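Asks: Structure file query-v8.tsv (TSV, C-alpha atoms) is given on the next line.
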chain	number	residue	atom	x	y	z
A	1	MET	CA	0.00	0.00	0.00
A	2	SER	CA	1.25	3.43	-0.81
A	3	LEU	CA	1.56	6.24	1.66
A	4	PHE	CA	-0.56	8.35	-0.64
A	5	SER	CA	-3.13	5.77	-1.62
A	6	PHE	CA	-5.43	6.96	1.14
A	7	ALA	CA	-5.81	10.31	-0.58
A	8	ARG	CA	-6.21	8.67	-3.96
A	9	LYS	CA	-8.91	6.28	-2.84
A	10	GLN	CA	-11.36	9.06	-2.08
A	11	ARG	CA	-11.38	10.30	-5.64
A	12	ARG	CA	-12.38	7.21	-7.52
A	13	PRO	CA	-15.20	4.96	-6.43
A	14	LYS	CA	-14.17	1.33	-6.21
A	15	SER	CA	-15.21	-0.71	-9.21
A	16	ALA	CA	-16.39	-3.57	-6.98
A	17	GLN	CA	-19.11	-1.30	-5.62
A	18	THR	CA	-20.13	-0.43	-9.17
A	19	ALA	CA	-20.32	-4.14	-9.96
A	20	LYS	CA	-22.53	-4.80	-6.93
A	21	ASP	CA	-24.84	-1.90	-7.74
A	22	ARG	CA	-25.22	-2.98	-11.37
A	23	LEU	CA	-26.02	-6.55	-10.34
A	24	GLN	CA	-28.55	-5.48	-7.73
A	25	ILE	CA	-30.48	-3.37	-10.21
A	26	LEU	CA	-30.43	-6.03	-12.91
A	27	LEU	CA	-31.28	-8.96	-10.65
A	28	ALA	CA	-34.13	-7.06	-9.01
A	29	HIS	CA	-35.69	-6.80	-12.46
A	30	GLU	CA	-34.92	-10.38	-13.43
A	31	ARG	CA	-36.23	-11.91	-10.21
A	32	SER	CA	-39.42	-9.87	-10.13
A	33	ARG	CA	-40.64	-11.51	-13.28
A	34	GLY	CA	-40.28	-14.97	-11.74
A	35	GLY	CA	-37.90	-16.39	-14.27
A	36	ALA	CA	-40.13	-15.71	-17.26
A	37	ASP	CA	-38.73	-13.54	-19.96
A	38	GLU	CA	-39.79	-9.99	-19.30
A	39	THR	CA	-39.29	-8.99	-22.89
A	40	ASP	CA	-41.83	-11.61	-23.98
A	41	TYR	CA	-44.70	-9.16	-23.89
A	42	LEU	CA	-42.89	-6.46	-25.83
A	43	PRO	CA	-43.54	-7.89	-29.33
A	44	MET	CA	-47.23	-8.20	-28.42
A	45	LEU	CA	-47.28	-4.71	-26.96
A	46	GLN	CA	-45.77	-3.42	-30.17
A	47	ARG	CA	-48.38	-5.22	-32.28
A	48	ASP	CA	-51.19	-3.81	-30.14
A	49	ILE	CA	-49.81	-0.27	-30.38
A	50	VAL	CA	-49.52	-0.54	-34.15
A	51	ALA	CA	-53.06	-1.91	-34.38
A	52	ALA	CA	-54.46	0.89	-32.21
A	53	ILE	CA	-52.77	3.63	-34.23
A	54	ARG	CA	-53.72	2.03	-37.52
A	55	LYS	CA	-57.35	2.64	-36.69
A	56	TYR	CA	-56.58	6.28	-37.39
A	57	VAL	CA	-53.32	6.53	-39.31
A	58	ALA	CA	-51.67	4.21	-41.82
A	59	ILE	CA	-48.32	3.28	-40.30
A	60	ARG	CA	-45.99	0.41	-41.03
A	61	GLU	CA	-44.49	-2.10	-38.59
A	62	GLN	CA	-41.05	-0.55	-39.04
A	63	ASP	CA	-42.25	2.92	-38.07
A	64	VAL	CA	-42.40	1.88	-34.43
A	65	GLU	CA	-39.27	1.97	-32.32
A	66	ILE	CA	-39.13	0.78	-28.72
A	67	ARG	CA	-36.30	1.65	-26.31
A	68	MET	CA	-35.95	0.73	-22.69
A	69	GLU	CA	-33.85	2.00	-19.80
A	70	ARG	CA	-34.02	0.07	-16.54
A	71	GLY	CA	-33.30	2.12	-13.47
A	72	GLU	CA	-33.01	1.53	-9.75
A	73	LYS	CA	-36.25	3.26	-8.83
A	74	MET	CA	-38.05	3.20	-12.13
A	75	SER	CA	-37.70	2.02	-15.69
A	76	SER	CA	-38.71	3.89	-18.75
A	77	LEU	CA	-40.10	2.58	-21.97
A	78	GLU	CA	-39.69	4.93	-24.89
A	79	ILE	CA	-41.86	4.37	-27.91
A	80	ASN	CA	-41.19	6.37	-31.04
A	81	ILE	CA	-43.68	6.25	-33.85
A	82	GLU	CA	-42.85	7.79	-37.15
A	83	MET	CA	-46.05	9.23	-38.54
A	84	PRO	CA	-46.38	9.42	-42.30
A	85	ARG	CA	-46.57	12.83	-43.89
A	86	PRO	CA	-50.13	13.64	-44.78
A	87	THR	CA	-50.62	13.07	-48.47
A	88	PRO	CA	-51.87	16.20	-50.27
A	89	SER	CA	-55.43	15.63	-51.39
B	90	MET	CA	-15.30	10.64	-35.06
B	91	THR	CA	-13.90	10.87	-38.53
B	92	VAL	CA	-16.16	11.29	-41.48
B	93	ASP	CA	-16.27	8.26	-43.70
B	94	LEU	CA	-15.38	9.59	-47.12
B	95	LYS	CA	-14.86	6.30	-48.87
B	96	GLU	CA	-18.16	4.71	-49.82
B	97	LYS	CA	-16.91	1.15	-49.67
B	98	PRO	CA	-19.31	-1.74	-49.22
B	99	PRO	CA	-18.97	-3.23	-45.74
B	100	LEU	CA	-16.44	-6.03	-45.34
B	101	GLY	CA	-18.97	-8.38	-43.70
B	102	ARG	CA	-16.42	-10.67	-42.08
B	103	VAL	CA	-17.79	-13.14	-39.52
B	104	ILE	CA	-15.42	-13.98	-36.64
B	105	VAL	CA	-16.33	-16.48	-33.93
B	106	ILE	CA	-14.78	-16.19	-30.47
B	107	THR	CA	-14.76	-19.72	-29.11
B	108	SER	CA	-12.87	-22.03	-26.74
B	109	GLY	CA	-14.73	-25.16	-25.71
B	110	LYS	CA	-13.87	-24.63	-22.07
B	111	GLY	CA	-15.82	-22.13	-20.01
B	112	GLY	CA	-14.36	-19.25	-18.04
B	113	VAL	CA	-11.28	-18.74	-20.20
B	114	GLY	CA	-12.31	-15.25	-21.36
B	115	LYS	CA	-14.55	-15.59	-24.43
B	116	THR	CA	-16.97	-12.84	-23.48
B	117	THR	CA	-14.20	-10.56	-22.17
B	118	SER	CA	-12.34	-11.10	-25.44
B	119	SER	CA	-15.47	-10.60	-27.56
B	120	ALA	CA	-16.12	-7.28	-25.82
B	121	ALA	CA	-12.48	-6.15	-26.08
B	122	ILE	CA	-12.03	-7.22	-29.70
B	123	SER	CA	-15.30	-5.72	-30.92
B	124	ALA	CA	-14.65	-2.44	-29.09
B	125	GLY	CA	-11.07	-2.45	-30.42
B	126	LEU	CA	-12.27	-2.89	-34.00
B	127	ALA	CA	-14.85	-0.12	-33.62
B	128	LYS	CA	-12.23	2.15	-32.05
B	129	GLN	CA	-10.11	1.67	-35.16
B	130	GLY	CA	-13.01	2.87	-37.26
B	131	HIS	CA	-14.52	-0.43	-38.42
B	132	LYS	CA	-18.29	-0.84	-38.23
B	133	THR	CA	-18.63	-3.70	-35.79
B	134	VAL	CA	-21.42	-5.73	-34.24
B	135	VAL	CA	-21.01	-8.27	-31.45
B	136	ILE	CA	-23.59	-11.06	-31.05
B	137	ASP	CA	-24.21	-13.09	-27.90
B	138	PHE	CA	-24.85	-16.75	-28.87
B	139	ASP	CA	-25.17	-17.98	-25.28
B	140	VAL	CA	-28.95	-18.50	-25.30
B	141	GLY	CA	-30.38	-18.68	-21.79
B	142	LEU	CA	-27.36	-17.18	-20.04
B	143	ARG	CA	-27.15	-13.63	-21.28
B	144	ASN	CA	-23.90	-11.99	-20.15
B	145	LEU	CA	-22.35	-10.04	-22.99
B	146	ASP	CA	-24.77	-7.20	-22.19
B	147	MET	CA	-23.25	-6.81	-18.71
B	148	THR	CA	-19.69	-6.97	-19.98
B	149	MET	CA	-20.54	-4.27	-22.53
B	150	GLY	CA	-22.48	-2.25	-19.94
B	151	CYS	CA	-25.79	-2.11	-21.82
B	152	GLU	CA	-27.80	-4.54	-19.69
B	153	ARG	CA	-30.40	-1.94	-18.80
B	154	ARG	CA	-31.18	-1.18	-22.41
B	155	VAL	CA	-32.07	-4.62	-23.73
B	156	VAL	CA	-35.53	-4.64	-25.28
B	157	PHE	CA	-35.52	-7.22	-28.05
B	158	ASP	CA	-32.99	-9.98	-28.62
B	159	PHE	CA	-31.44	-12.29	-31.20
B	160	ILE	CA	-34.21	-14.91	-30.80
B	161	ASN	CA	-36.95	-12.27	-31.21
B	162	VAL	CA	-35.35	-11.38	-34.53
B	163	ILE	CA	-35.02	-15.01	-35.66
B	164	GLN	CA	-38.65	-15.69	-34.76
B	165	GLY	CA	-39.83	-12.54	-36.53
B	166	ASP	CA	-41.09	-10.81	-33.37
B	167	ALA	CA	-38.76	-7.87	-33.85
B	168	ARG	CA	-36.74	-6.35	-36.64
B	169	LEU	CA	-32.97	-6.54	-36.50
B	170	LYS	CA	-32.69	-2.74	-36.24
B	171	GLN	CA	-34.87	-2.77	-33.13
B	172	ALA	CA	-32.82	-5.43	-31.40
B	173	LEU	CA	-29.41	-3.89	-32.09
B	174	ILE	CA	-28.18	-1.73	-29.22
B	175	ARG	CA	-25.94	1.14	-30.24
B	176	ASP	CA	-22.96	1.51	-27.95
B	177	LYS	CA	-22.96	4.83	-26.10
B	178	ARG	CA	-19.16	5.22	-26.27
B	179	LEU	CA	-18.45	4.21	-29.87
B	180	GLU	CA	-20.86	5.03	-32.66
B	181	ASN	CA	-19.38	2.25	-34.85
B	182	LEU	CA	-20.28	-0.44	-32.34
B	183	SER	CA	-23.54	-2.35	-31.90
B	184	ILE	CA	-24.53	-5.20	-29.63
B	185	LEU	CA	-27.06	-7.93	-30.40
B	186	PRO	CA	-28.02	-9.47	-27.05
B	187	THR	CA	-29.17	-13.03	-26.67
B	188	SER	CA	-32.43	-14.23	-25.20
B	189	GLN	CA	-32.94	-15.49	-21.67
B	190	THR	CA	-35.34	-18.18	-22.82
B	191	ARG	CA	-34.22	-21.69	-22.09
B	192	ASP	CA	-35.26	-23.04	-25.46
B	193	LYS	CA	-31.93	-23.33	-27.21
B	194	ASN	CA	-33.50	-24.81	-30.32
B	195	ALA	CA	-34.83	-21.34	-31.04
B	196	LEU	CA	-31.42	-20.77	-32.58
B	197	THR	CA	-31.93	-22.31	-36.01
B	198	LYS	CA	-29.29	-22.51	-38.71
B	199	GLU	CA	-31.59	-20.77	-41.20
B	200	GLY	CA	-32.43	-18.04	-38.69
B	201	VAL	CA	-28.79	-17.40	-37.83
B	202	GLU	CA	-27.86	-17.28	-41.51
B	203	LYS	CA	-30.59	-14.75	-42.26
B	204	VAL	CA	-29.52	-12.45	-39.43
B	205	LEU	CA	-25.82	-12.72	-40.37
B	206	ASP	CA	-26.60	-11.98	-44.02
B	207	GLU	CA	-28.49	-8.87	-43.02
B	208	LEU	CA	-25.65	-7.74	-40.73
B	209	LYS	CA	-23.11	-8.27	-43.52
B	210	GLN	CA	-24.88	-5.55	-45.49
B	211	GLU	CA	-24.00	-3.01	-42.82
B	212	PHE	CA	-21.01	-4.12	-40.77
B	213	ASP	CA	-17.33	-4.74	-41.48
B	214	TYR	CA	-16.89	-7.18	-38.62
B	215	ILE	CA	-19.47	-9.47	-37.06
B	216	ILE	CA	-18.12	-10.92	-33.82
B	217	CYS	CA	-19.91	-14.06	-32.57
B	218	ASP	CA	-19.46	-14.67	-28.84
B	219	SER	CA	-19.83	-18.45	-28.52
B	220	PRO	CA	-21.17	-20.22	-25.44
B	221	ALA	CA	-18.86	-22.72	-23.71
B	222	GLY	CA	-19.06	-26.36	-24.70
B	223	ILE	CA	-19.50	-27.91	-28.12
B	224	GLU	CA	-23.28	-28.21	-28.12
B	225	HIS	CA	-25.87	-26.55	-30.35
B	226	GLY	CA	-25.19	-22.93	-29.36
B	227	ALA	CA	-21.44	-23.27	-29.90
B	228	GLN	CA	-22.03	-25.01	-33.23
B	229	MET	CA	-24.36	-22.25	-34.39
B	230	ALA	CA	-21.83	-19.58	-33.36
B	231	MET	CA	-19.05	-21.16	-35.44
B	232	TYR	CA	-21.01	-22.55	-38.41
B	233	PHE	CA	-20.96	-19.43	-40.61
B	234	ALA	CA	-17.58	-18.11	-39.45
B	235	ASP	CA	-14.91	-16.89	-41.84
B	236	GLU	CA	-12.40	-16.70	-39.02
B	237	ALA	CA	-12.08	-18.06	-35.50
B	238	VAL	CA	-10.35	-16.77	-32.41
B	239	VAL	CA	-9.77	-19.73	-30.08
B	240	VAL	CA	-9.39	-18.33	-26.57
B	241	THR	CA	-7.02	-20.54	-24.58
B	242	ASN	CA	-5.47	-20.43	-21.12
B	243	PRO	CA	-2.01	-21.96	-20.63
B	244	GLU	CA	-3.57	-24.80	-18.69
B	245	VAL	CA	-4.12	-28.46	-19.65
B	246	SER	CA	-7.91	-28.69	-19.86
B	247	SER	CA	-8.21	-25.44	-21.77
B	248	VAL	CA	-5.59	-26.49	-24.33
B	249	ARG	CA	-7.25	-29.88	-24.74
B	250	ASP	CA	-10.67	-28.28	-25.30
B	251	SER	CA	-9.20	-25.79	-27.76
B	252	ASP	CA	-7.84	-28.71	-29.73
B	253	ARG	CA	-11.34	-30.24	-29.91
B	254	VAL	CA	-12.78	-26.95	-31.05
B	255	LEU	CA	-10.11	-26.57	-33.76
B	256	GLY	CA	-11.16	-30.00	-35.02
B	257	LEU	CA	-14.80	-28.87	-35.17
B	258	LEU	CA	-13.86	-25.69	-37.02
B	259	ASN	CA	-12.28	-27.90	-39.66
B	260	SER	CA	-15.27	-30.19	-40.03
B	261	GLN	CA	-18.53	-28.72	-38.71
B	262	THR	CA	-18.65	-25.34	-40.44
B	263	ARG	CA	-20.07	-24.14	-43.71
B	264	ARG	CA	-16.59	-23.46	-45.04
B	265	ALA	CA	-15.59	-27.03	-44.15
B	266	GLU	CA	-18.67	-28.44	-45.88
B	267	THR	CA	-18.34	-26.35	-49.03
B	268	ALA	CA	-16.10	-27.83	-51.69
B	269	ASN	CA	-13.14	-25.61	-52.68
B	270	ALA	CA	-13.90	-23.09	-49.95
B	271	GLU	CA	-11.03	-21.66	-47.92
B	272	PRO	CA	-11.09	-23.27	-44.47
B	273	VAL	CA	-11.99	-21.16	-41.43
B	274	LYS	CA	-8.92	-19.13	-40.51
B	275	ALA	CA	-8.28	-20.09	-36.89
B	276	GLN	CA	-5.92	-18.30	-34.52
B	277	VAL	CA	-5.16	-18.78	-30.85
B	278	LEU	CA	-5.57	-15.98	-28.33
B	279	LEU	CA	-3.68	-16.94	-25.20
B	280	THR	CA	-5.28	-15.32	-22.14
B	281	ARG	CA	-4.43	-15.17	-18.44
B	282	HIS	CA	-0.76	-15.50	-19.29
B	283	ASP	CA	1.57	-14.88	-16.35
B	284	PRO	CA	5.24	-14.40	-17.35
B	285	ALA	CA	6.42	-14.71	-13.74
B	286	ARG	CA	4.88	-18.17	-13.47
B	287	VAL	CA	6.22	-19.14	-16.88
B	288	GLN	CA	9.65	-18.02	-15.72
B	289	SER	CA	9.46	-20.20	-12.64
B	290	GLY	CA	8.33	-23.18	-14.73
B	291	GLU	CA	4.84	-23.33	-13.23
B	292	MET	CA	3.06	-22.37	-16.44
B	293	MET	CA	3.36	-23.63	-20.00
B	294	THR	CA	5.08	-21.19	-22.32
B	295	VAL	CA	3.45	-19.58	-25.34
B	296	ASP	CA	5.57	-21.83	-27.55
B	297	ASP	CA	4.48	-24.93	-25.64
B	298	VAL	CA	0.83	-24.13	-26.32
B	299	LEU	CA	1.43	-23.25	-29.97
B	300	GLU	CA	3.45	-26.43	-30.51
B	301	ILE	CA	0.51	-28.50	-29.28
B	302	LEU	CA	-2.26	-26.64	-31.09
B	303	ALA	CA	-0.30	-25.90	-34.29
B	304	VAL	CA	-2.24	-22.78	-35.29
B	305	PRO	CA	-1.03	-19.18	-35.57
B	306	LEU	CA	-0.99	-16.92	-32.53
B	307	LEU	CA	-3.25	-13.86	-32.53
B	308	GLY	CA	-2.00	-12.47	-29.24
B	309	VAL	CA	-1.05	-13.01	-25.64
B	310	ILE	CA	-3.21	-11.33	-23.02
B	311	PRO	CA	-1.51	-11.10	-19.64
B	312	GLU	CA	-3.28	-11.84	-16.40
B	313	SER	CA	-4.23	-8.38	-15.18
B	314	PRO	CA	-6.40	-6.74	-12.54
B	315	ALA	CA	-7.67	-4.48	-15.32
B	316	ILE	CA	-9.91	-7.30	-16.61
B	317	LEU	CA	-11.99	-7.57	-13.44
B	318	ARG	CA	-12.12	-3.81	-13.04
B	319	ALA	CA	-13.41	-3.40	-16.59
B	320	SER	CA	-16.04	-6.09	-16.14
B	321	ASN	CA	-17.15	-4.54	-12.84
B	322	THR	CA	-18.00	-1.32	-14.60
B	323	GLY	CA	-19.29	-2.81	-17.85
B	324	THR	CA	-16.47	-1.36	-19.94
B	325	PRO	CA	-14.60	-3.32	-22.62
B	326	VAL	CA	-10.99	-3.39	-21.38
B	327	VAL	CA	-9.69	-1.43	-24.40
B	328	LEU	CA	-11.96	1.48	-23.49
B	329	ASP	CA	-11.02	1.51	-19.82
B	330	GLN	CA	-7.97	3.16	-18.24
B	331	PRO	CA	-4.73	2.14	-19.98
B	332	SER	CA	-3.55	-1.31	-18.95
B	333	ILE	CA	-1.23	-4.02	-20.23
B	334	ALA	CA	-4.25	-6.21	-20.98
B	335	GLY	CA	-5.92	-3.42	-22.94
B	336	ARG	CA	-2.74	-2.85	-24.93
B	337	ALA	CA	-2.40	-6.56	-25.66
B	338	TYR	CA	-6.00	-6.66	-26.96
B	339	GLU	CA	-5.37	-3.61	-29.16
B	340	ASP	CA	-2.34	-5.36	-30.66
B	341	ALA	CA	-4.41	-8.51	-31.27
B	342	VAL	CA	-7.11	-6.42	-32.98
B	343	ARG	CA	-4.53	-4.85	-35.27
B	344	ARG	CA	-3.28	-8.30	-36.24
B	345	LEU	CA	-6.86	-9.38	-36.87
B	346	THR	CA	-7.24	-6.60	-39.42
B	347	GLY	CA	-4.05	-7.65	-41.19
B	348	THR	CA	-1.48	-5.29	-39.67
B	349	GLU	CA	1.82	-6.80	-38.59
B	350	VAL	CA	2.47	-6.00	-34.96
B	351	GLU	CA	5.43	-7.31	-33.03
B	352	MET	CA	4.38	-9.83	-30.38
B	353	ARG	CA	5.12	-8.34	-26.97
B	354	ILE	CA	4.58	-10.41	-23.91
B	355	GLU	CA	4.07	-8.27	-20.88
B	356	GLY	CA	3.36	-9.13	-17.32
B	357	GLU	CA	2.08	-7.32	-14.30
B	358	ARG	CA	5.32	-6.36	-12.57
B	359	ARG	CA	5.58	-6.82	-8.85
B	360	PRO	CA	5.96	-3.37	-7.31
B	361	ARG	CA	9.35	-2.87	-5.78
B	362	LEU	CA	9.77	-1.42	-2.31
B	363	PHE	CA	10.30	2.09	-3.63
B	364	GLN	CA	7.19	1.89	-5.78
B	365	ARG	CA	5.18	0.40	-2.97
B	366	LEU	CA	6.06	3.29	-0.69
B	367	PHE	CA	5.32	6.03	-3.15
B	368	GLY	CA	2.50	4.48	-5.11
B	369	ARG	CA	2.37	3.73	-8.78
B	370	ALA	CA	-0.11	4.01	-11.54
B	371	SER	CA	-1.92	0.70	-11.92
What would the structure in this file look like if it were written as structure tokens?
Replies:
Amino acid sequence: MSLFSFARKQRRPKSAQTAKDRLQILLAHERSRGGADETDYLPMLQRDIVAAIRKYVAIREQDVEIRMERGEKMSSLEINIEMPRPTPS
Amino acid sequence: MTVDLKEKPPLGRVIVITSGKGGVGKTTSSAAISAGLAKQGHKTVVIDFDVGLRNLDMTMGCERRVVFDFINVIQGDARLKQALIRDKRLENLSILPTSQTRDKNALTKEGVEKVLDELKQEFDYIICDSPAGIEHGAQMAMYFADEAVVVTNPEVSSVRDSDRVLGLLNSQTRRAETANAEPVKAQVLLTRHDPARVQSGEMMTVDDVLEILAVPLLGVIPESPAILRASNTGTPVVLDQPSIAGRAYEDAVRRLTGTEVEMRIEGERRPRLFQRLFGRAS
């Protein structure tokens, strides 16, 4: 151990703590769904969203983009739908 | 990043990272090699073939952003573009995570081929992170490969398993089954190498391993604390703070792209008394 390592330690968080934090967040999500694949419902959700919007606007399957960010306190699901330009009548 | 002036078609080279034995550093190497290639400006995608035990996402640090996976794409539940995760550090790098479903048969040869063909239209390098073993997942990861990186530790069971895998690369791949096709170009990546233990005769030398396996050497990655630190934070080791392991991977990546780089074999030096007292950069 270095004489100066005490001062250095304060600056950079230990990577082991980062590892533990990352695992806790991820495993909390994975365990809560009881082993089943959480992402299983996403294709169905996407189909339903497309169907709902299609009642009003003609969009294609590839116009829908889904992004997810899992967080410690909350997760966010971002859905981007590219709407077609209205055709001049 | 530099602007790509040359409108070349993508190279579309498929490279499998395999080993037979588990725990030798396939996923670490997949992450480091793919990040290294992207860092050098090549459009790169890394695919996790370990169906059921997703881990590449953690090593790459994108585990919280997985929405769709490889199996969703094969089964037509998602488009490839939706499943690809763009790396936040390197714009040239994408990750295709695997599924956590336990049904390994979801990985069909036709499905894998279709996904790889689509990726070849866009990427220069397609890195396939193989699961351990020689079962279905490992076979699917290697089947369409143009090149193979056989990750090996200087240890008896790892070398033995690498030898088995080299045999499979020569018989159970599309290149092996196609008449007049060039065989899969296989190279050994020796990981967890410890020069101090080689010096004291406790560990096989690089030459010992190469003599047994009789394939070219891609690189020697020294045992280094940088590997665990990088995995803790979800950073490929070549993108983390400078380390001997990171340097060794960058050299290996340069060799992979056809550049001749002198083989340097470094080791983590024991700090001497002076260094221990006054600290040293790790």
Asks: At a cut-off of 9 Å around the point (-37.2, 0.0, -9.7) (file coordinates), what residues fall inside when counting all atoms listed in the file? I'd like the answer as a list in words.
Replies: Ile25, Ala28, His29, Arg70, Gly71, Glu72, Lys73, Met74 and Ser75 of chain A
Asks: Distance cut-off 12 Å, centre (-28.2, -19.0, -42.1) in file coordinates, counting all atoms listed in the file: which residues qualify? Return them as a PyMOL selection string.
Replies: chain B and resi 163+196-209+229-234+262-263
Asks: By how many Å are atom CA of B:Pro186 and atom CA of B:Met147 apart?
Replies: 10.0 Å
Asks: With a distance cut-off of 12 Å and all atoms listed in the file, select the neighbouring residues of A:Arg85, excluding the residue or stretch itself and same-chain residues fewer than 5 positions from it, and output the selection as a compact mmCIF listing (two decimals) with C-alpha atoms, keeping the file's coordinate frame.
Replies:
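Writing done, so here's around28.txt:
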# COMPACT_ATOMS: atom_id res chain seq x y z
CA VAL A 57 -53.32 6.53 -39.31
CA ALA A 58 -51.67 4.21 -41.82
CA ILE A 59 -48.32 3.28 -40.30
Asks: Skip B:Lys132 itself and residues of its chain fewer than 3 positions away, then list as JSON, numbers by chain all residues within 6 Å of it, counting all atoms listed in the file.
Replies: {"B": [127, 181, 212, 213]}
Asks: So which residues touch B:Gly109 within 12 Å, counting all atoms listed in the file, skipping near sequence neighbours fewer than 6 positions away, as a PyMOL selection string?
Replies: chain B and resi 115+218-224+226-228+230-231+238-242+246-258
Asks: Given all atoms listed in the file as the basis, pick out the residue of A:Met68, A:Ile53, A:Leu23, A:Leu77 nearest to chain B.
Replies: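 Ranking A:Met68, A:Ile53, A:Leu23, A:Leu77 by distance to chain B, first place goes to A:Met68.
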Asks: Grab the atom CA of B:Leu302 to atom CA of B:Gln276 distance for me, in Å with one decimal place.
Replies: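 Value for the atom CA of B:Leu302-atom CA of B:Gln276 distance: 9.7 Å.
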Asks: Interatomic distance between atom CA of B:Val309 and atom CA of B:Met293?
Replies: 12.8 Å
Asks: Between A:Ile49, A:Ile81, A:Ile66, A:Leu27, single out the one closest to chain B, counting all atoms listed in the file.
Replies: A:Ile66
Asks: Measuring atom to atom with all atoms listed in the file, identify which of A:Arg60, A:Lys55, A:Arg31, A:Arg47 is nearest to chain B.
Replies: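 That would be A:Arg47, the residue with the smallest distance to chain B.
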Asks: Nearest residue to B:Val245 out of B:Cys151, B:Gly308, B:Arg343, B:Met292, using all atoms listed in the file?
Replies: B:Met292
Asks: Compile the contact shell of stretch 349-355 of chain B as a list in words: residues with an atom at most 10 Å away, counting only C-alpha atoms, same-chain residues fewer than 5 positions apart removed.
Replies: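 Non-adjacent residues within range: His282, Asp283, Pro284, Ala285, Val295, Leu306, Leu307, Gly308, Val309, Ile310, Pro311, Glu312, Ile333, Ala334, Arg336, Ala337, Asp340, Ala341, Val342, Arg343 and Arg344 of chain B.
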Asks: Choose the residue, out of B:Thr322, B:Gln288, B:Thr348, B:Asn144, that has the smallest atom-to-atom separation from chain A; count all atoms listed in the file.
Replies: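 For chain A, the nearest of the given residues is B:Thr322.
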Asks: Rank B:Ile215, B:Val140, B:Val277, B:Leu317 by their smallest atom-to-atom distance to chain A, using only C-alpha atoms, and report the top residue only.
Replies: B:Leu317
Asks: Within 10 Å of B:Ile136, counting all atoms listed in the file, which residues qualify if same-chain residues fewer than 5 places away don't, as a list in words?
Replies: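 The neighbour list is Val105, Ser119, Ala120, Ser123, Leu145, Asp146, Asp158, Phe159, Leu173, Ser183, Ile184, Leu185, Pro186, Thr187, Leu205, Ile215, Ile216, Cys217, Asp218, Ser219 and Ala230 of chain B.
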